[in-house]
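Have a look at entry_27.cif below; it lists mmCIF, C-alpha atoms.
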```cif
data_target
loop_
_atom_site.label_atom_id
_atom_site.label_comp_id
_atom_site.auth_asym_id
_atom_site.auth_seq_id
_atom_site.Cartn_x
_atom_site.Cartn_y
_atom_site.Cartn_z
CA MET A 1 60.04 16.35 -73.54
CA SER A 2 62.78 14.57 -71.59
CA ASP A 3 65.66 12.82 -73.34
CA ASP A 4 64.64 9.49 -71.81
CA ARG A 5 61.07 9.83 -73.05
CA ARG A 6 62.29 10.82 -76.52
CA LYS A 7 64.61 7.76 -76.69
CA ILE A 8 61.80 5.42 -75.68
CA LEU A 9 59.50 6.87 -78.35
CA GLU A 10 62.26 6.61 -80.97
CA MET A 11 62.82 2.93 -80.09
CA LEU A 12 59.08 2.35 -80.42
CA ALA A 13 58.97 4.16 -83.79
CA THR A 14 61.87 2.13 -85.18
CA GLY A 15 60.35 -1.14 -83.97
CA ARG A 16 63.14 -1.97 -81.49
CA ILE A 17 60.56 -2.28 -78.69
CA THR A 18 56.86 -3.09 -78.58
CA ALA A 19 54.11 -0.73 -77.45
CA GLU A 20 53.79 -2.70 -74.19
CA GLU A 21 57.53 -2.38 -73.52
CA ALA A 22 57.38 1.35 -74.25
CA GLU A 23 54.46 1.70 -71.84
CA ARG A 24 56.38 -0.07 -69.06
CA LEU A 25 59.45 2.09 -69.66
CA LEU A 26 57.39 5.29 -69.63
CA ASP A 27 55.69 4.18 -66.42
CA ALA A 28 59.11 3.55 -64.87
CA LEU A 29 60.12 7.14 -65.64
CA GLY A 30 57.36 8.33 -63.32
CA PRO A 31 54.45 10.78 -63.47
CA GLY A 32 54.42 13.22 -66.34
CA SER A 33 56.43 10.94 -68.65
CA ARG A 34 53.42 9.70 -70.60
CA PRO A 35 51.32 11.77 -72.99
CA GLY A 36 48.25 13.30 -71.35
CA THR A 37 49.65 13.10 -67.83
CA THR A 38 50.79 15.98 -65.70
CA PRO A 39 53.61 15.85 -63.20
CA VAL A 40 52.51 15.44 -59.61
CA ALA A 41 53.38 18.37 -57.38
CA PRO A 42 55.91 17.42 -54.74
CA GLY A 43 54.33 16.68 -51.40
CA PRO A 44 55.35 17.94 -47.99
CA LYS A 45 58.85 17.19 -46.78
CA TYR A 46 58.59 17.91 -43.06
CA LEU A 47 56.34 17.33 -40.08
CA ARG A 48 56.40 20.51 -37.99
CA ILE A 49 55.58 20.50 -34.29
CA GLU A 50 55.41 23.83 -32.50
CA MET A 51 54.79 24.15 -28.78
CA GLU A 52 54.57 27.18 -26.56
CA LYS A 53 54.03 27.01 -22.83
CA ALA A 54 54.04 29.94 -20.42
CA ARG A 55 56.18 29.44 -17.35
CA ASP A 56 54.61 29.50 -13.91
CA ASP A 57 56.69 32.49 -12.84
CA HIS A 58 55.43 34.54 -15.85
CA ARG A 59 58.88 34.96 -17.37
CA ASP A 60 59.51 34.23 -21.05
CA PRO A 61 57.47 31.32 -22.37
CA LYS A 62 59.09 28.01 -23.26
CA HIS A 63 59.16 27.30 -26.98
CA ALA A 64 59.76 24.21 -29.09
CA ASN A 65 59.84 24.29 -32.88
CA ILE A 66 60.65 20.89 -34.36
CA ARG A 67 60.90 19.90 -38.03
CA VAL A 68 61.07 16.16 -38.63
CA PRO A 69 61.86 14.97 -42.17
CA LEU A 70 58.95 12.82 -43.38
CA GLN A 71 61.46 10.44 -44.99
CA LEU A 72 62.70 9.65 -41.48
CA LEU A 73 59.17 8.78 -40.37
CA ARG A 74 58.59 6.68 -43.49
CA ALA A 75 61.85 4.83 -42.91
CA GLY A 76 60.85 4.17 -39.31
CA VAL A 77 57.53 2.67 -40.38
CA LYS A 78 59.31 0.42 -42.88
CA LEU A 79 61.87 -0.60 -40.25
CA GLN A 80 59.22 -1.62 -37.73
CA GLY A 81 57.71 -3.82 -40.43
CA ILE A 82 60.85 -5.97 -40.54
CA MET A 83 61.39 -6.01 -36.77
CA PRO A 84 60.79 -9.35 -35.07
CA ALA A 85 57.46 -9.47 -33.21
CA ARG A 86 59.26 -9.91 -29.89
CA ALA A 87 61.33 -6.74 -30.46
CA ARG A 88 58.21 -4.75 -31.40
CA ALA A 89 56.46 -5.92 -28.22
CA SER A 90 59.47 -4.98 -26.11
CA LEU A 91 59.72 -1.54 -27.71
CA SER A 92 55.98 -0.93 -27.32
CA ALA A 93 56.27 -1.84 -23.62
CA ALA A 94 59.23 0.53 -23.16
CA LEU A 95 57.30 3.36 -24.84
CA ALA A 96 54.26 2.65 -22.63
CA GLU A 97 56.45 2.98 -19.53
CA LYS A 98 57.34 6.49 -20.72
CA GLY A 99 53.66 7.37 -21.20
CA MET A 100 53.50 6.76 -24.96
CA ASP A 101 50.82 4.16 -25.63
CA VAL A 102 51.90 3.09 -29.14
CA ASP A 103 51.12 -0.33 -30.58
CA LEU A 104 53.82 -0.85 -33.21
CA ASP A 105 51.91 -3.81 -34.65
CA LYS A 106 49.19 -1.39 -35.79
CA LEU A 107 51.60 1.13 -37.32
CA LYS A 108 51.22 0.90 -41.11
CA ALA A 109 52.66 2.92 -43.99
CA GLU A 110 49.16 3.62 -45.30
CA SER A 111 48.18 5.18 -41.97
CA LEU A 112 51.22 7.45 -42.01
CA GLU A 113 50.52 8.54 -45.60
CA ALA A 114 46.88 9.25 -44.71
CA LEU A 115 48.04 11.40 -41.76
CA ILE A 116 50.52 13.26 -43.98
CA ASP A 117 47.82 13.85 -46.59
CA THR A 118 45.45 15.20 -43.93
CA LEU A 119 48.09 17.46 -42.38
CA MET A 120 49.07 18.72 -45.84
CA HIS A 121 45.64 20.32 -46.17
CA THR A 122 45.09 21.32 -42.55
CA SER A 123 46.89 21.51 -39.23
CA ILE A 124 46.13 20.43 -35.70
CA ASP A 125 45.96 23.38 -33.30
CA MET A 126 45.38 22.79 -29.61
CA GLU A 127 45.29 25.16 -26.68
CA SER A 128 45.14 24.27 -22.99
CA ASP A 129 42.02 25.08 -20.98
CA ASP A 130 43.82 27.88 -19.14
CA GLY A 131 45.20 29.33 -22.39
CA ARG A 132 48.78 29.01 -21.20
CA SER A 133 49.94 26.30 -23.63
CA ARG A 134 49.59 25.92 -27.38
CA LEU A 135 50.49 23.02 -29.69
CA LYS A 136 50.44 23.05 -33.49
CA VAL A 137 51.17 20.05 -35.78
CA SER A 138 51.34 20.42 -39.55
CA CYS A 139 53.16 19.25 -42.68
CA GLU A 140 55.13 21.55 -44.95
#
```
For the structure just supplied, provide its representation as structure tokens.
Amino acid sequence: MSDDRRKILEMLATGRITAEEAERLLDALGPGSRPGTTPVAPGPKYLRIEMEKARDDHRDPKHANIRVPLQLLRAGVKLQGIMPARARASLSAALAEKGMDVDLDKLKAESLEALIDTLMHTSIDMESDDGRSRLKVSCE
């Protein structure tokens, strides 16, 4: 039992706080702080993108192995939410010019969390038709 949880229960037992106040304080401590609950296992911390492409001259293949902290992605989603509509439109247009058709108005935190949850249990593996390129996206 954590010290914080013990203190809250002592305050409840001595009548310094009500049961409702104790419940709110225990909830604020997070998962696993209340009787009958189990701590939630930590989720993935990184989005991994691996790419391998054979060169045309059959020398060593090109490799990319990228780990992006999920907190960075979550922060980006939150940031776009406070961007002025005009700035989002301008950024979406700039991304489209570079071949990335992304509508920032449709980017939502729930969508990102759903993607992370999906990638936590599976990964996306793609191979080109000629078998010369491979892409793998997963969370770890």
| query | If we count only C-alpha atoms, what is near Leu115 of chain A at a cut-off of 12 Å, once residues fewer than 2 positions away on the same chain are taken out, given as a ChimeraX atom specification? | reply | /A:44,47,70,73-74,107-113,117-124,137-139
Give me the result of the PyMOL selection byres ((chain A and resi 67) around 6) on this file, residue by residue, as a PDB file with C-alpha atoms, in the frame of the given file.
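The resulting file, part03.pdb, is reproduced below:
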```
ATOM      1  CA  TYR A  46      58.590  17.910 -43.060  1.00  0.00           C
ATOM      2  CA  LEU A  47      56.340  17.330 -40.080  1.00  0.00           C
ATOM      3  CA  ARG A  48      56.400  20.510 -37.990  1.00  0.00           C
ATOM      4  CA  ILE A  66      60.650  20.890 -34.360  1.00  0.00           C
ATOM      5  CA  VAL A  68      61.070  16.160 -38.630  1.00  0.00           C
TER       6      VAL A  68
END
```
message: For a test of reading the model, state the distance in Å between atom CA of Gly43 of chain A and atom CA of Arg134 of chain A, rounded to one decimal.
response: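 For atom CA of Gly43 of chain A relative to atom CA of Arg134 of chain A, the distance reads 26.2 Å.
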| message | Rounded to one decimal, what separation in Å do you get between atom CA of Leu79 of chain A and atom CA of Leu91 of chain A? | response |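 Distance reported for this atom pair: 12.8 Å.
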Using Å and a single decimal, report how far atom CA of Glu127 of chain A sits from atom CA of Leu104 of chain A.
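Taking atom CA of Leu104 of chain A and atom CA of Glu127 of chain A, their separation equals 28.1 Å.
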Using all atoms listed in the file, the residue out of A:Lys106, A:Arg6, A:His63, A:Lys53 with shortest distance to Leu29 of chain A is A:Arg6
Output segment 102-134 of chain A from the block with C-alpha atoms, as a CSV table (one decimal), in the first residue's frame?
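decode05.csv, freshly written:
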```
chain,number,residue,atom,x,y,z
A,102,VAL,CA,-3.4,15.3,-44.3
A,103,ASP,CA,-6.5,17.2,-43.2
A,104,LEU,CA,-5.5,18.6,-39.8
A,105,ASP,CA,-9.1,19.5,-39.0
A,106,LYS,CA,-9.9,15.8,-38.9
A,107,LEU,CA,-6.9,14.9,-36.7
A,108,LYS,CA,-8.2,14.0,-33.2
A,109,ALA,CA,-6.6,12.6,-30.1
A,110,GLU,CA,-9.1,9.8,-30.0
A,111,SER,CA,-8.0,8.7,-33.5
A,112,LEU,CA,-4.4,8.7,-32.5
A,113,GLU,CA,-5.1,6.7,-29.4
A,114,ALA,CA,-7.1,4.2,-31.4
A,115,LEU,CA,-4.2,3.8,-33.9
A,116,ILE,CA,-1.7,3.3,-31.0
A,117,ASP,CA,-4.0,0.7,-29.4
A,118,THR,CA,-4.2,-1.1,-32.7
A,119,LEU,CA,-0.5,-1.0,-33.4
A,120,MET,CA,0.2,-2.2,-29.8
A,121,HIS,CA,-1.4,-5.5,-30.7
A,122,THR,CA,-0.3,-5.8,-34.3
A,123,SER,CA,1.9,-4.2,-36.8
A,124,ILE,CA,1.6,-3.0,-40.4
A,125,ASP,CA,3.9,-4.9,-42.8
A,126,MET,CA,4.0,-3.9,-46.4
A,127,GLU,CA,6.1,-5.2,-49.3
A,128,SER,CA,6.4,-3.8,-52.8
A,129,ASP,CA,5.1,-5.8,-55.7
A,130,ASP,CA,8.6,-6.5,-56.9
A,131,GLY,CA,9.7,-7.5,-53.4
A,132,ARG,CA,12.5,-4.9,-53.4
A,133,SER,CA,11.0,-2.7,-50.6
A,134,ARG,CA,9.6,-3.4,-47.2
```
